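What follows is the content of run.tsv (TSV, C-alpha atoms (C1' of nucleotides)).
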chain	number	residue	atom	x	y	z
A	367	MET	CA	8.83	-1.10	30.38
A	368	ASN	CA	7.67	2.11	28.82
A	369	ALA	CA	4.10	2.08	30.04
A	370	PRO	CA	3.02	4.79	32.46
A	371	THR	CA	3.00	3.61	36.05
A	372	ILE	CA	-0.36	5.19	36.72
A	373	THR	CA	-3.37	4.93	34.52
A	374	PRO	CA	-3.80	8.10	32.50
A	375	ALA	CA	-7.14	9.79	31.93
A	376	LEU	CA	-8.77	8.31	28.87
A	377	THR	CA	-10.54	10.18	26.14
A	378	LYS	CA	-14.10	9.28	25.29
A	379	ASN	CA	-13.15	6.99	22.43
A	380	GLN	CA	-10.41	5.34	24.41
A	381	SER	CA	-12.83	4.68	27.28
A	382	LEU	CA	-15.42	3.19	24.99
A	383	VAL	CA	-12.92	0.85	23.37
A	384	PHE	CA	-11.43	-0.11	26.71
A	385	ASP	CA	-14.88	-0.87	28.09
A	386	VAL	CA	-15.62	-3.20	25.21
A	387	LEU	CA	-12.41	-5.11	25.87
A	388	THR	CA	-12.95	-5.15	29.60
A	389	ARG	CA	-16.41	-6.61	29.25
A	390	ALA	CA	-15.40	-9.18	26.63
A	391	GLU	CA	-14.72	-12.74	27.67
A	392	ALA	CA	-12.49	-13.44	24.70
A	393	PRO	CA	-10.21	-11.49	22.40
A	394	VAL	CA	-12.02	-9.00	20.18
A	395	SER	CA	-11.02	-7.84	16.72
A	396	ALA	CA	-10.86	-4.18	15.78
A	397	TYR	CA	-13.83	-4.50	13.45
A	398	THR	CA	-15.91	-6.24	16.08
A	399	ILE	CA	-15.14	-3.39	18.44
A	400	LEU	CA	-16.25	-1.00	15.72
A	401	ASP	CA	-19.55	-2.84	15.33
A	402	ARG	CA	-20.15	-2.81	19.07
A	403	LEU	CA	-19.61	0.92	19.21
A	404	ARG	CA	-21.75	1.97	16.24
A	405	ASP	CA	-24.48	3.00	18.65
A	406	HIS	CA	-22.00	5.24	20.41
A	407	GLY	CA	-21.17	7.09	17.24
A	408	PHE	CA	-18.30	5.07	15.88
A	409	ARG	CA	-18.26	4.99	12.10
A	410	ALA	CA	-14.76	4.23	10.88
A	411	PRO	CA	-12.00	1.70	11.66
A	412	LEU	CA	-9.55	4.45	12.38
A	413	GLN	CA	-11.50	5.53	15.42
A	414	VAL	CA	-10.93	2.08	16.83
A	415	TYR	CA	-7.32	1.71	15.76
A	416	ARG	CA	-6.36	5.06	17.21
A	417	ALA	CA	-7.84	4.16	20.58
A	418	LEU	CA	-6.21	0.73	20.45
A	419	ASP	CA	-2.83	2.32	19.78
A	420	LYS	CA	-3.10	4.58	22.76
A	421	LEU	CA	-4.39	1.89	25.10
A	422	THR	CA	-1.53	-0.34	24.01
A	423	GLU	CA	0.91	2.47	24.63
A	424	PHE	CA	-0.57	2.87	28.12
A	425	GLY	CA	-0.13	-0.85	28.74
A	426	MET	CA	-3.85	-1.26	29.35
A	427	ILE	CA	-4.48	-3.74	26.56
A	428	HIS	CA	-2.54	-6.30	24.56
A	429	ARG	CA	-2.62	-7.27	20.94
A	430	LEU	CA	-2.61	-10.99	20.27
A	431	GLU	CA	-0.54	-11.34	17.14
A	432	SER	CA	-1.67	-14.82	16.28
A	433	LEU	CA	-5.33	-13.74	16.34
A	434	ASN	CA	-5.26	-10.17	15.10
A	435	ALA	CA	-7.32	-9.37	18.14
A	436	PHE	CA	-7.10	-7.49	21.42
A	437	VAL	CA	-7.62	-8.15	25.11
A	438	ALA	CA	-7.66	-5.98	28.21
A	439	CYS	CA	-4.57	-6.45	30.32
A	440	ALA	CA	-5.37	-8.90	33.10
A	441	HIS	CA	-2.75	-7.52	35.47
A	442	LEU	CA	-3.69	-3.89	35.65
A	443	GLN	CA	-4.82	-3.85	39.24
A	444	SER	CA	-3.80	-7.29	40.23
A	445	GLU	CA	-1.90	-8.22	43.34
A	446	CYS	CA	0.76	-9.97	41.28
A	447	CYS	CA	4.26	-8.56	40.97
A	448	GLY	CA	3.93	-6.65	44.22
A	449	GLY	CA	0.59	-5.09	43.47
A	450	THR	CA	2.20	-2.02	41.95
A	451	GLY	CA	0.29	-2.26	38.73
A	452	HIS	CA	1.95	-3.64	35.65
A	453	CYS	CA	4.15	-6.64	35.60
A	454	HIS	CA	7.58	-6.08	34.25
A	455	GLY	CA	9.06	-8.07	31.44
A	456	THR	CA	7.33	-9.97	28.70
A	457	VAL	CA	3.77	-11.10	29.09
A	458	ALA	CA	2.87	-14.51	27.73
A	459	PHE	CA	-0.58	-15.68	26.68
A	460	ALA	CA	-2.29	-19.05	26.65
A	461	ILE	CA	-5.17	-18.87	24.22
A	462	CYS	CA	-7.90	-21.51	24.12
A	463	GLU	CA	-8.89	-22.20	20.54
A	464	SER	CA	-12.18	-23.65	21.65
A	465	CYS	CA	-13.67	-21.16	24.11
A	466	GLY	CA	-11.47	-18.17	23.39
A	467	ASN	CA	-10.36	-17.77	26.98
A	468	VAL	CA	-7.00	-16.09	27.37
A	469	SER	CA	-4.68	-16.48	30.34
A	470	GLU	CA	-2.00	-13.91	30.76
A	471	PHE	CA	1.13	-14.83	32.64
A	472	HIS	CA	4.75	-14.09	32.86
A	473	ASP	CA	7.80	-16.10	33.68
A	474	ASP	CA	11.07	-14.57	34.78
A	475	GLU	CA	13.10	-17.56	33.73
A	476	VAL	CA	11.70	-17.48	30.19
A	477	ASP	CA	12.42	-13.76	30.00
A	478	HIS	CA	15.88	-14.37	31.28
A	479	ARG	CA	16.66	-17.08	28.73
A	480	LEU	CA	15.42	-14.97	25.85
A	481	GLU	CA	17.35	-11.96	27.08
A	482	ASP	CA	20.47	-14.07	27.37
A	483	TRP	CA	20.08	-15.31	23.84
A	484	ALA	CA	19.67	-11.73	22.64
A	485	LYS	CA	22.66	-10.46	24.62
A	486	GLY	CA	24.81	-13.24	23.23
A	487	ARG	CA	23.97	-12.19	19.69
A	488	GLY	CA	24.06	-8.46	20.21
A	489	PHE	CA	20.36	-8.36	19.41
A	490	LYS	CA	18.41	-5.52	21.03
A	491	PRO	CA	14.82	-6.61	21.74
A	492	ALA	CA	12.05	-4.08	21.37
A	493	LYS	CA	8.99	-6.25	21.80
A	494	THR	CA	8.61	-9.93	22.52
A	495	THR	CA	5.56	-12.01	21.69
A	496	ILE	CA	4.81	-15.30	23.43
A	497	GLU	CA	1.51	-16.96	22.59
A	498	ILE	CA	0.53	-20.54	23.29
A	499	ARG	CA	-2.50	-21.69	21.38
A	500	GLY	CA	-4.27	-24.83	22.44
A	501	LEU	CA	-7.09	-26.04	24.64
A	502	CYS	CA	-7.78	-24.88	28.15
A	503	GLN	CA	-8.60	-27.27	30.95
A	504	ASN	CA	-12.34	-26.83	30.51
A	505	CYS	CA	-12.21	-27.60	26.81
A	506	VAL	CA	-9.76	-30.51	26.80
A	507	VAL	CA	-12.54	-32.85	27.99
B	4	MET	CA	6.33	-32.52	16.50
B	5	ASN	CA	4.03	-33.57	13.72
B	6	ALA	CA	6.24	-32.67	10.78
B	7	PRO	CA	7.44	-35.48	8.57
B	8	THR	CA	10.99	-36.56	9.38
B	9	ILE	CA	11.97	-36.68	5.73
B	10	THR	CA	11.22	-34.02	3.18
B	11	PRO	CA	8.26	-35.05	1.03
B	12	ALA	CA	8.14	-34.57	-2.72
B	13	LEU	CA	6.75	-31.17	-3.49
B	14	THR	CA	4.24	-30.27	-6.14
B	15	LYS	CA	5.11	-27.65	-8.70
B	16	ASN	CA	3.39	-24.83	-6.86
B	17	GLN	CA	4.85	-25.87	-3.54
B	18	SER	CA	8.35	-25.93	-5.04
B	19	LEU	CA	7.94	-22.52	-6.57
B	20	VAL	CA	6.76	-20.99	-3.32
B	21	PHE	CA	9.47	-22.75	-1.35
B	22	ASP	CA	12.11	-21.49	-3.75
B	23	VAL	CA	10.96	-17.92	-3.31
B	24	LEU	CA	11.27	-18.25	0.45
B	25	THR	CA	14.61	-20.02	0.25
B	26	ARG	CA	16.08	-17.29	-1.89
B	27	ALA	CA	14.66	-14.44	0.16
B	28	GLU	CA	16.84	-12.72	2.71
B	29	ALA	CA	13.92	-11.55	4.80
B	30	PRO	CA	10.36	-12.67	5.53
B	31	VAL	CA	8.04	-12.49	2.53
B	32	SER	CA	4.31	-11.88	2.54
B	33	ALA	CA	1.91	-14.11	0.65
B	34	TYR	CA	1.07	-11.36	-1.82
B	35	THR	CA	4.73	-10.63	-2.48
B	36	ILE	CA	5.22	-14.31	-3.22
B	37	LEU	CA	2.29	-14.10	-5.59
B	38	ASP	CA	3.86	-11.16	-7.41
B	39	ARG	CA	7.19	-12.95	-7.71
B	40	LEU	CA	5.50	-15.96	-9.26
B	41	ARG	CA	3.29	-14.20	-11.79
B	42	ASP	CA	5.78	-15.10	-14.49
B	43	HIS	CA	5.45	-18.73	-13.50
B	44	GLY	CA	1.72	-18.71	-13.98
B	45	PHE	CA	0.49	-17.71	-10.55
B	46	ARG	CA	-2.65	-15.62	-10.72
B	47	ALA	CA	-4.53	-15.87	-7.43
B	48	PRO	CA	-3.73	-15.65	-3.71
B	49	LEU	CA	-5.12	-19.06	-3.09
B	50	GLN	CA	-2.39	-20.68	-5.12
B	51	VAL	CA	0.09	-19.19	-2.70
B	52	TYR	CA	-1.86	-19.86	0.47
B	53	ARG	CA	-2.42	-23.49	-0.42
B	54	ALA	CA	1.28	-24.04	-0.99
B	55	LEU	CA	2.12	-22.17	2.21
B	56	ASP	CA	-0.26	-24.37	4.18
B	57	LYS	CA	1.36	-27.53	2.92
B	58	LEU	CA	4.90	-26.30	3.41
B	59	THR	CA	4.01	-25.30	6.95
B	60	GLU	CA	2.50	-28.70	7.54
B	61	PHE	CA	5.75	-30.27	6.29
B	62	GLY	CA	7.72	-28.08	8.68
B	63	MET	CA	9.66	-26.55	5.81
B	64	ILE	CA	8.60	-22.98	6.41
B	65	HIS	CA	7.38	-20.85	9.29
B	66	ARG	CA	4.79	-18.16	9.52
B	67	LEU	CA	5.84	-15.11	11.51
B	68	GLU	CA	2.68	-14.06	13.26
B	69	SER	CA	3.83	-10.59	14.15
B	70	LEU	CA	4.64	-9.83	10.50
B	71	ASN	CA	2.04	-11.79	8.59
B	72	ALA	CA	4.91	-13.12	6.56
B	73	PHE	CA	6.78	-16.35	5.93
B	74	VAL	CA	10.34	-17.64	6.06
B	75	ALA	CA	12.02	-20.89	5.05
B	76	CYS	CA	12.96	-23.00	8.04
B	77	ALA	CA	16.61	-22.38	8.85
B	78	HIS	CA	17.13	-25.78	10.45
B	79	LEU	CA	16.04	-28.12	7.73
B	80	GLN	CA	19.42	-29.61	6.99
B	81	SER	CA	21.36	-28.04	9.75
B	82	GLU	CA	23.75	-29.81	12.06
B	83	CYS	CA	21.86	-28.59	15.10
B	84	CYS	CA	19.85	-30.93	17.28
B	85	GLY	CA	21.88	-33.92	16.16
B	86	GLY	CA	21.74	-33.22	12.47
B	87	THR	CA	18.66	-35.38	12.05
B	88	GLY	CA	16.64	-32.68	10.40
B	89	HIS	CA	14.09	-30.69	12.34
B	90	CYS	CA	14.55	-29.47	15.81
B	91	HIS	CA	11.99	-30.63	18.28
B	92	GLY	CA	10.00	-28.29	20.40
B	93	THR	CA	9.12	-24.70	19.80
B	94	VAL	CA	11.15	-22.55	17.47
B	95	ALA	CA	11.76	-18.95	18.46
B	96	PHE	CA	12.54	-16.05	16.16
B	97	ALA	CA	14.53	-12.87	16.52
B	98	ILE	CA	13.37	-10.45	13.86
B	99	CYS	CA	15.35	-7.34	12.98
B	100	GLU	CA	12.98	-4.47	12.30
B	101	SER	CA	15.63	-2.62	10.38
B	102	CYS	CA	17.14	-5.12	7.94
B	103	GLY	CA	14.52	-7.84	8.14
B	104	ASN	CA	16.97	-10.54	9.07
B	105	VAL	CA	15.45	-13.40	11.03
B	106	SER	CA	17.33	-15.71	13.36
B	107	GLU	CA	15.68	-18.94	14.25
B	108	PHE	CA	16.61	-20.60	17.49
B	109	HIS	CA	15.37	-22.95	20.06
B	110	ASP	CA	15.78	-23.11	23.80
B	111	ASP	CA	14.94	-26.20	25.80
B	112	GLU	CA	14.65	-24.35	29.05
B	113	VAL	CA	12.12	-21.90	27.62
B	114	ASP	CA	10.12	-24.79	26.19
B	115	HIS	CA	10.28	-26.53	29.50
B	116	ARG	CA	9.05	-23.52	31.47
B	117	LEU	CA	6.14	-22.95	29.13
B	118	GLU	CA	5.25	-26.63	29.18
B	119	ASP	CA	5.33	-26.59	32.96
B	120	TRP	CA	3.02	-23.62	33.08
B	121	ALA	CA	0.62	-25.40	30.73
B	122	LYS	CA	0.74	-28.65	32.67
B	123	GLY	CA	0.04	-26.82	35.90
B	124	ARG	CA	-3.10	-25.30	34.39
B	125	GLY	CA	-4.30	-28.33	32.49
B	126	PHE	CA	-3.76	-26.39	29.27
B	127	LYS	CA	-2.95	-28.47	26.21
B	128	PRO	CA	-0.67	-26.53	23.83
B	129	ALA	CA	-1.13	-26.98	20.11
B	130	LYS	CA	1.20	-24.33	18.76
B	131	THR	CA	3.49	-21.89	20.47
B	132	THR	CA	4.71	-18.63	19.00
B	133	ILE	CA	7.83	-16.87	20.26
B	134	GLU	CA	8.96	-13.81	18.34
B	135	ILE	CA	11.40	-11.18	19.48
B	136	ARG	CA	11.31	-8.02	17.44
B	137	GLY	CA	14.13	-5.55	17.73
B	138	LEU	CA	17.44	-4.67	16.13
B	139	CYS	CA	20.14	-7.14	15.14
B	140	GLN	CA	23.78	-6.56	15.94
B	141	ASN	CA	24.48	-5.06	12.52
B	142	CYS	CA	21.67	-2.53	12.82
B	143	VAL	CA	22.08	-1.48	16.43
B	144	VAL	CA	25.04	0.74	15.43
C	440	DC	C1'	-11.98	-47.97	-16.12
C	441	DA	C1'	-14.74	-46.15	-12.14
C	442	DA	C1'	-14.07	-44.10	-7.89
C	443	DT	C1'	-11.62	-41.49	-4.82
C	444	DT	C1'	-8.39	-38.22	-3.24
C	445	DG	C1'	-5.41	-34.42	-3.60
C	446	DA	C1'	-3.95	-30.57	-6.34
C	447	DT	C1'	-5.15	-26.74	-9.27
C	448	DG	C1'	-7.54	-22.57	-11.49
C	449	DT	C1'	-10.53	-18.63	-11.04
C	450	DA	C1'	-13.63	-15.27	-9.19
C	451	DA	C1'	-15.57	-13.10	-5.57
C	452	DT	C1'	-15.64	-11.61	-1.05
C	453	DA	C1'	-14.30	-11.12	3.77
C	454	DA	C1'	-11.23	-9.46	7.28
C	455	DC	C1'	-7.63	-6.50	8.91
C	456	DA	C1'	-5.09	-2.04	8.69
C	457	DT	C1'	-3.33	2.48	6.97
C	458	DT	C1'	-2.96	7.00	4.42
C	459	DA	C1'	-4.62	11.46	3.64
C	460	DC	C1'	-6.90	15.38	4.79
C	461	DA	C1'	-10.17	18.35	7.20
C	462	DT	C1'	-11.92	19.78	11.65
C	463	DT	C1'	-12.45	20.14	16.65
C	464	DT	C1'	-11.01	20.30	21.40
C	465	DG	C1'	-8.62	21.70	25.26
C	466	DA	C1'	-4.71	23.16	27.89
C	467	DA	C1'	-0.80	26.58	28.16
C	468	DC	C1'	0.26	31.05	28.35
C	469	DA	C1'	1.27	35.98	26.48
D	472	DT	C1'	-9.29	37.10	26.67
D	473	DG	C1'	-7.72	35.51	22.96
D	474	DT	C1'	-3.87	33.06	20.49
D	475	DT	C1'	-1.42	29.18	19.78
D	476	DC	C1'	-0.20	24.52	19.78
D	477	DA	C1'	-0.67	19.66	20.39
D	478	DA	C1'	-3.70	16.01	20.72
D	479	DA	C1'	-7.88	13.98	19.47
D	480	DT	C1'	-11.52	13.33	16.21
D	481	DG	C1'	-14.35	12.59	11.80
D	482	DT	C1'	-14.60	10.81	7.20
D	483	DA	C1'	-13.38	8.79	2.86
D	484	DA	C1'	-10.58	6.17	0.28
D	485	DT	C1'	-7.38	2.79	-0.29
D	486	DG	C1'	-4.09	-0.86	0.77
D	487	DT	C1'	-3.02	-5.45	2.62
D	488	DT	C1'	-3.98	-10.10	4.19
D	489	DA	C1'	-6.90	-14.25	4.00
D	490	DT	C1'	-10.95	-17.18	2.92
D	491	DT	C1'	-15.15	-19.15	0.62
D	492	DA	C1'	-17.20	-21.26	-3.21
D	493	DC	C1'	-17.16	-23.80	-7.12
D	494	DA	C1'	-15.32	-25.98	-11.24
D	495	DT	C1'	-11.70	-28.81	-13.20
D	496	DC	C1'	-7.65	-31.77	-13.55
D	497	DA	C1'	-4.35	-35.53	-12.35
D	498	DA	C1'	-2.69	-39.53	-10.04
D	499	DT	C1'	-3.74	-43.68	-7.46
D	500	DT	C1'	-5.98	-47.68	-6.52
D	501	DG	C1'	-9.37	-51.30	-6.29

Will you turn the file into structure tokens for me?
Amino acid sequence: MNAPTITPALTKNQSLVFDVLTRAEAPVSAYTILDRLRDHGFRAPLQVYRALDKLTEFGMIHRLESLNAFVACAHLQSECCGGTGHCHGTVAFAICESCGNVSEFHDDEVDHRLEDWAKGRGFKPAKTTIEIRGLCQNCVV
Amino acid sequence: MNAPTITPALTKNQSLVFDVLTRAEAPVSAYTILDRLRDHGFRAPLQVYRALDKLTEFGMIHRLESLNAFVACAHLQSECCGGTGHCHGTVAFAICESCGNVSEFHDDEVDHRLEDWAKGRGFKPAKTTIEIRGLCQNCVV
DNA sequence: CAATTGATGTAATAACATTACATTTGAACA
DNA sequence: TGTTCAAATGTAATGTTATTACATCAATTG
């Protein structure tokens, strides 16, 4: 992984955007973030996208490709993976289409299988997306 | 899977859109499809999106979430999976960011691991996206 | 042939993202 | 201290992707 192993100091805009995502209980789109930060002086999409880019680079948030939306990383200070901060490998997401809840997980065996496929084809992976959309336990009825 | 086991008759618009995707050597966006079909009478995005929706429903094309673009299914009449038409389970994609080539594959073990995770959490999957972006063998140098 | 269903045509708008350019900030260091 | 440089910021304009709303047409079927 390329993400820094320690959390870097955030700029004001980055902090504001990260706070929005941290407080949110579901993925948030860039334009929704913009709306929520109007009172803090945000006026243009680019202010949001720039912060999102940096936070992604830092490994502090994830983009959900199938939603065009963003979530705070759930594993930042978790005890998983040895408690050293970020998990290694590809993160997978289970996204509830009813309540919006997102579970972040990772599976070594899945990673391994995908890596093997890539190795076998001489394909060099840069970024892998795994997103399961469906209904979470609470919403299945 | 919910896709029909035999290929349904396509309407004119569906055929035109499917042909564009079949001929393309890389994923194509909806608006690019629109441009390529102007000469055939296409005038509005909705004509494309409606055809794309149906073709997706038929399992004849795939949407690549990380690109906002579409490809023809590579396995429609392939000998894989018993030669009976569609593969079952989730299809994964390896997308070359240099040449645009897309490889479609499928891995039972990956499916199984993701299903197990879902079962363990009471999560009911509706659609799973797996996309590996990187460089194909030809482009890696 | 009436009724229904699915497909189509068209316009308008919404939602998501980037380019271009000007300005400001802050740390490094001569 | 003041210069310089890189990063961050502000703003406007534009580009790209997707949907809503509404009218019409075509094929099927009862």

Env of stretch 461-468 of chain C: 9 Å cut, atoms = all atoms listed in the file, seq-sep filter 6 positions within chain, self excluded. Answer as a PDB file with C-alpha atoms (C1' of nucleotides), in the frame of the given file.
ATOM      1  C1'  DT D 475      -1.420  29.180  19.780  1.00  0.00           C
ATOM      2  C1'  DC D 476      -0.200  24.520  19.780  1.00  0.00           C
ATOM      3  C1'  DA D 478      -3.700  16.010  20.720  1.00  0.00           C
ATOM      4  C1'  DA D 479      -7.880  13.980  19.470  1.00  0.00           C
ATOM      5  C1'  DT D 480     -11.520  13.330  16.210  1.00  0.00           C
ATOM      6  C1'  DG D 481     -14.350  12.590  11.800  1.00  0.00           C
ATOM      7  C1'  DT D 482     -14.600  10.810   7.200  1.00  0.00           C
TER       8       DT D 482
END

With all Cα atoms paired residue by residue, do a least-squares superposition of chain B on chain A and hand back the transformed coordinates as a CSV table (one decimal) with C-alpha atoms, in the coordinates of the input.
chain,number,residue,atom,x,y,z
B,4,MET,CA,8.8,-1.3,30.4
B,5,ASN,CA,7.7,2.0,28.9
B,6,ALA,CA,4.1,2.0,30.1
B,7,PRO,CA,3.0,4.7,32.5
B,8,THR,CA,3.0,3.5,36.1
B,9,ILE,CA,-0.4,5.1,36.7
B,10,THR,CA,-3.4,4.9,34.5
B,11,PRO,CA,-3.8,8.1,32.5
B,12,ALA,CA,-7.1,9.8,31.9
B,13,LEU,CA,-8.7,8.3,28.8
B,14,THR,CA,-10.5,10.2,26.1
B,15,LYS,CA,-14.0,9.3,25.2
B,16,ASN,CA,-13.1,7.0,22.4
B,17,GLN,CA,-10.4,5.3,24.4
B,18,SER,CA,-12.8,4.7,27.2
B,19,LEU,CA,-15.4,3.2,25.0
B,20,VAL,CA,-12.9,0.9,23.3
B,21,PHE,CA,-11.4,-0.1,26.7
B,22,ASP,CA,-14.8,-0.8,28.1
B,23,VAL,CA,-15.6,-3.2,25.2
B,24,LEU,CA,-12.4,-5.1,25.9
B,25,THR,CA,-12.9,-5.1,29.6
B,26,ARG,CA,-16.4,-6.6,29.2
B,27,ALA,CA,-15.4,-9.2,26.6
B,28,GLU,CA,-14.7,-12.7,27.7
B,29,ALA,CA,-12.5,-13.4,24.7
B,30,PRO,CA,-10.2,-11.5,22.4
B,31,VAL,CA,-12.0,-9.0,20.2
B,32,SER,CA,-11.0,-7.9,16.7
B,33,ALA,CA,-10.9,-4.2,15.8
B,34,TYR,CA,-13.8,-4.5,13.5
B,35,THR,CA,-15.9,-6.2,16.1
B,36,ILE,CA,-15.1,-3.4,18.4
B,37,LEU,CA,-16.2,-1.0,15.7
B,38,ASP,CA,-19.6,-2.8,15.3
B,39,ARG,CA,-20.2,-2.8,19.1
B,40,LEU,CA,-19.6,1.0,19.2
B,41,ARG,CA,-21.7,2.0,16.3
B,42,ASP,CA,-24.5,3.0,18.7
B,43,HIS,CA,-22.0,5.3,20.4
B,44,GLY,CA,-21.1,7.1,17.2
B,45,PHE,CA,-18.3,5.1,15.9
B,46,ARG,CA,-18.3,5.0,12.1
B,47,ALA,CA,-14.8,4.2,10.9
B,48,PRO,CA,-12.0,1.7,11.6
B,49,LEU,CA,-9.6,4.4,12.3
B,50,GLN,CA,-11.5,5.5,15.4
B,51,VAL,CA,-10.9,2.1,16.8
B,52,TYR,CA,-7.3,1.7,15.7
B,53,ARG,CA,-6.3,5.0,17.2
B,54,ALA,CA,-7.8,4.2,20.5
B,55,LEU,CA,-6.2,0.7,20.4
B,56,ASP,CA,-2.8,2.3,19.7
B,57,LYS,CA,-3.1,4.6,22.7
B,58,LEU,CA,-4.4,1.9,25.1
B,59,THR,CA,-1.5,-0.4,24.0
B,60,GLU,CA,0.9,2.4,24.6
B,61,PHE,CA,-0.5,2.8,28.1
B,62,GLY,CA,-0.1,-0.9,28.7
B,63,MET,CA,-3.8,-1.3,29.3
B,64,ILE,CA,-4.5,-3.7,26.5
B,65,HIS,CA,-2.6,-6.3,24.5
B,66,ARG,CA,-2.7,-7.3,20.9
B,67,LEU,CA,-2.6,-11.0,20.3
B,68,GLU,CA,-0.6,-11.3,17.2
B,69,SER,CA,-1.7,-14.8,16.3
B,70,LEU,CA,-5.3,-13.8,16.4
B,71,ASN,CA,-5.2,-10.2,15.1
B,72,ALA,CA,-7.3,-9.4,18.1
B,73,PHE,CA,-7.1,-7.5,21.4
B,74,VAL,CA,-7.6,-8.2,25.1
B,75,ALA,CA,-7.7,-6.0,28.2
B,76,CYS,CA,-4.6,-6.5,30.3
B,77,ALA,CA,-5.4,-8.9,33.1
B,78,HIS,CA,-2.8,-7.5,35.5
B,79,LEU,CA,-3.7,-3.9,35.7
B,80,GLN,CA,-4.8,-3.9,39.2
B,81,SER,CA,-3.8,-7.3,40.2
B,82,GLU,CA,-1.9,-8.3,43.3
B,83,CYS,CA,0.8,-10.0,41.2
B,84,CYS,CA,4.3,-8.6,40.9
B,85,GLY,CA,3.9,-6.7,44.2
B,86,GLY,CA,0.6,-5.2,43.5
B,87,THR,CA,2.2,-2.1,42.0
B,88,GLY,CA,0.3,-2.3,38.8
B,89,HIS,CA,1.9,-3.7,35.7
B,90,CYS,CA,4.2,-6.6,35.6
B,91,HIS,CA,7.6,-6.0,34.2
B,92,GLY,CA,9.1,-8.0,31.4
B,93,THR,CA,7.3,-9.9,28.7
B,94,VAL,CA,3.8,-11.1,29.1
B,95,ALA,CA,2.9,-14.5,27.7
B,96,PHE,CA,-0.6,-15.7,26.7
B,97,ALA,CA,-2.3,-19.0,26.7
B,98,ILE,CA,-5.2,-18.9,24.2
B,99,CYS,CA,-7.9,-21.5,24.1
B,100,GLU,CA,-8.9,-22.2,20.6
B,101,SER,CA,-12.2,-23.6,21.7
B,102,CYS,CA,-13.7,-21.2,24.1
B,103,GLY,CA,-11.5,-18.2,23.4
B,104,ASN,CA,-10.4,-17.8,27.0
B,105,VAL,CA,-7.0,-16.1,27.4
B,106,SER,CA,-4.7,-16.5,30.4
B,107,GLU,CA,-2.0,-13.9,30.8
B,108,PHE,CA,1.1,-14.9,32.6
B,109,HIS,CA,4.7,-14.0,33.0
B,110,ASP,CA,7.8,-16.1,33.7
B,111,ASP,CA,11.0,-14.6,34.8
B,112,GLU,CA,13.1,-17.5,33.7
B,113,VAL,CA,11.7,-17.4,30.2
B,114,ASP,CA,12.4,-13.7,30.0
B,115,HIS,CA,15.9,-14.3,31.3
B,116,ARG,CA,16.6,-17.0,28.7
B,117,LEU,CA,15.4,-14.9,25.8
B,118,GLU,CA,17.3,-11.9,27.1
B,119,ASP,CA,20.5,-14.0,27.4
B,120,TRP,CA,20.1,-15.2,23.8
B,121,ALA,CA,19.6,-11.7,22.6
B,122,LYS,CA,22.6,-10.4,24.6
B,123,GLY,CA,24.8,-13.2,23.2
B,124,ARG,CA,23.9,-12.1,19.7
B,125,GLY,CA,24.0,-8.4,20.2
B,126,PHE,CA,20.3,-8.3,19.4
B,127,LYS,CA,18.4,-5.5,21.0
B,128,PRO,CA,14.8,-6.6,21.7
B,129,ALA,CA,12.0,-4.0,21.4
B,130,LYS,CA,8.9,-6.2,21.8
B,131,THR,CA,8.6,-9.9,22.5
B,132,THR,CA,5.5,-12.0,21.7
B,133,ILE,CA,4.8,-15.3,23.4
B,134,GLU,CA,1.5,-17.0,22.6
B,135,ILE,CA,0.5,-20.5,23.3
B,136,ARG,CA,-2.5,-21.7,21.4
B,137,GLY,CA,-4.3,-24.8,22.4
B,138,LEU,CA,-7.1,-26.0,24.6
B,139,CYS,CA,-7.8,-24.9,28.2
B,140,GLN,CA,-8.6,-27.3,31.0
B,141,ASN,CA,-12.3,-26.8,30.5
B,142,CYS,CA,-12.2,-27.6,26.8
B,143,VAL,CA,-9.7,-30.5,26.8
B,144,VAL,CA,-12.5,-32.8,28.0

Practice item. Write down, as a PyMOL selection string, each residue of chain B that has any atom within 8 Å of an atom of chain D, counting all atoms listed in the file. Key: chain B and resi 33-34+71

Point to revise | Straight-line distance linking atom CA of B:Cys76 with atom CA of B:Met63, stated in Å to one decimal | key: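 Between atom CA of B:Cys76 and atom CA of B:Met63 the gap is 5.3 Å.
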
Report as JSON lines the residues of chain B within 6 Å of chain A, each with its shortest atom pair and distance in Å (one decimal), using only C-alpha atoms, ordered by chain and increasing residue number.
{"residue": "B:Glu68", "atom": "CA", "partner": "A:Ser432", "partner_atom": "CA", "distance": 5.3}
{"residue": "B:Ser69", "atom": "CA", "partner": "A:Glu431", "partner_atom": "CA", "distance": 5.3}
{"residue": "B:Val113", "atom": "CA", "partner": "A:Val476", "partner_atom": "CA", "distance": 5.1}
{"residue": "B:Gly125", "atom": "CA", "partner": "A:Gln503", "partner_atom": "CA", "distance": 4.7}
{"residue": "B:Phe126", "atom": "CA", "partner": "A:Cys502", "partner_atom": "CA", "distance": 4.4}
{"residue": "B:Lys127", "atom": "CA", "partner": "A:Leu501", "partner_atom": "CA", "distance": 5.1}
{"residue": "B:Pro128", "atom": "CA", "partner": "A:Gly500", "partner_atom": "CA", "distance": 4.2}
{"residue": "B:Ala129", "atom": "CA", "partner": "A:Gly500", "partner_atom": "CA", "distance": 4.5}
{"residue": "B:Lys130", "atom": "CA", "partner": "A:Arg499", "partner_atom": "CA", "distance": 5.2}
{"residue": "B:Thr131", "atom": "CA", "partner": "A:Ile498", "partner_atom": "CA", "distance": 4.3}
{"residue": "B:Thr132", "atom": "CA", "partner": "A:Glu497", "partner_atom": "CA", "distance": 5.1}
{"residue": "B:Ile133", "atom": "CA", "partner": "A:Ile496", "partner_atom": "CA", "distance": 4.7}
{"residue": "B:Glu134", "atom": "CA", "partner": "A:Thr495", "partner_atom": "CA", "distance": 5.1}
{"residue": "B:Ile135", "atom": "CA", "partner": "A:Thr494", "partner_atom": "CA", "distance": 4.3}
{"residue": "B:Arg136", "atom": "CA", "partner": "A:Lys493", "partner_atom": "CA", "distance": 5.2}
{"residue": "B:Gly137", "atom": "CA", "partner": "A:Pro491", "partner_atom": "CA", "distance": 4.2}
{"residue": "B:Leu138", "atom": "CA", "partner": "A:Lys490", "partner_atom": "CA", "distance": 5.1}
{"residue": "B:Cys139", "atom": "CA", "partner": "A:Phe489", "partner_atom": "CA", "distance": 4.4}
{"residue": "B:Gln140", "atom": "CA", "partner": "A:Gly488", "partner_atom": "CA", "distance": 4.7}
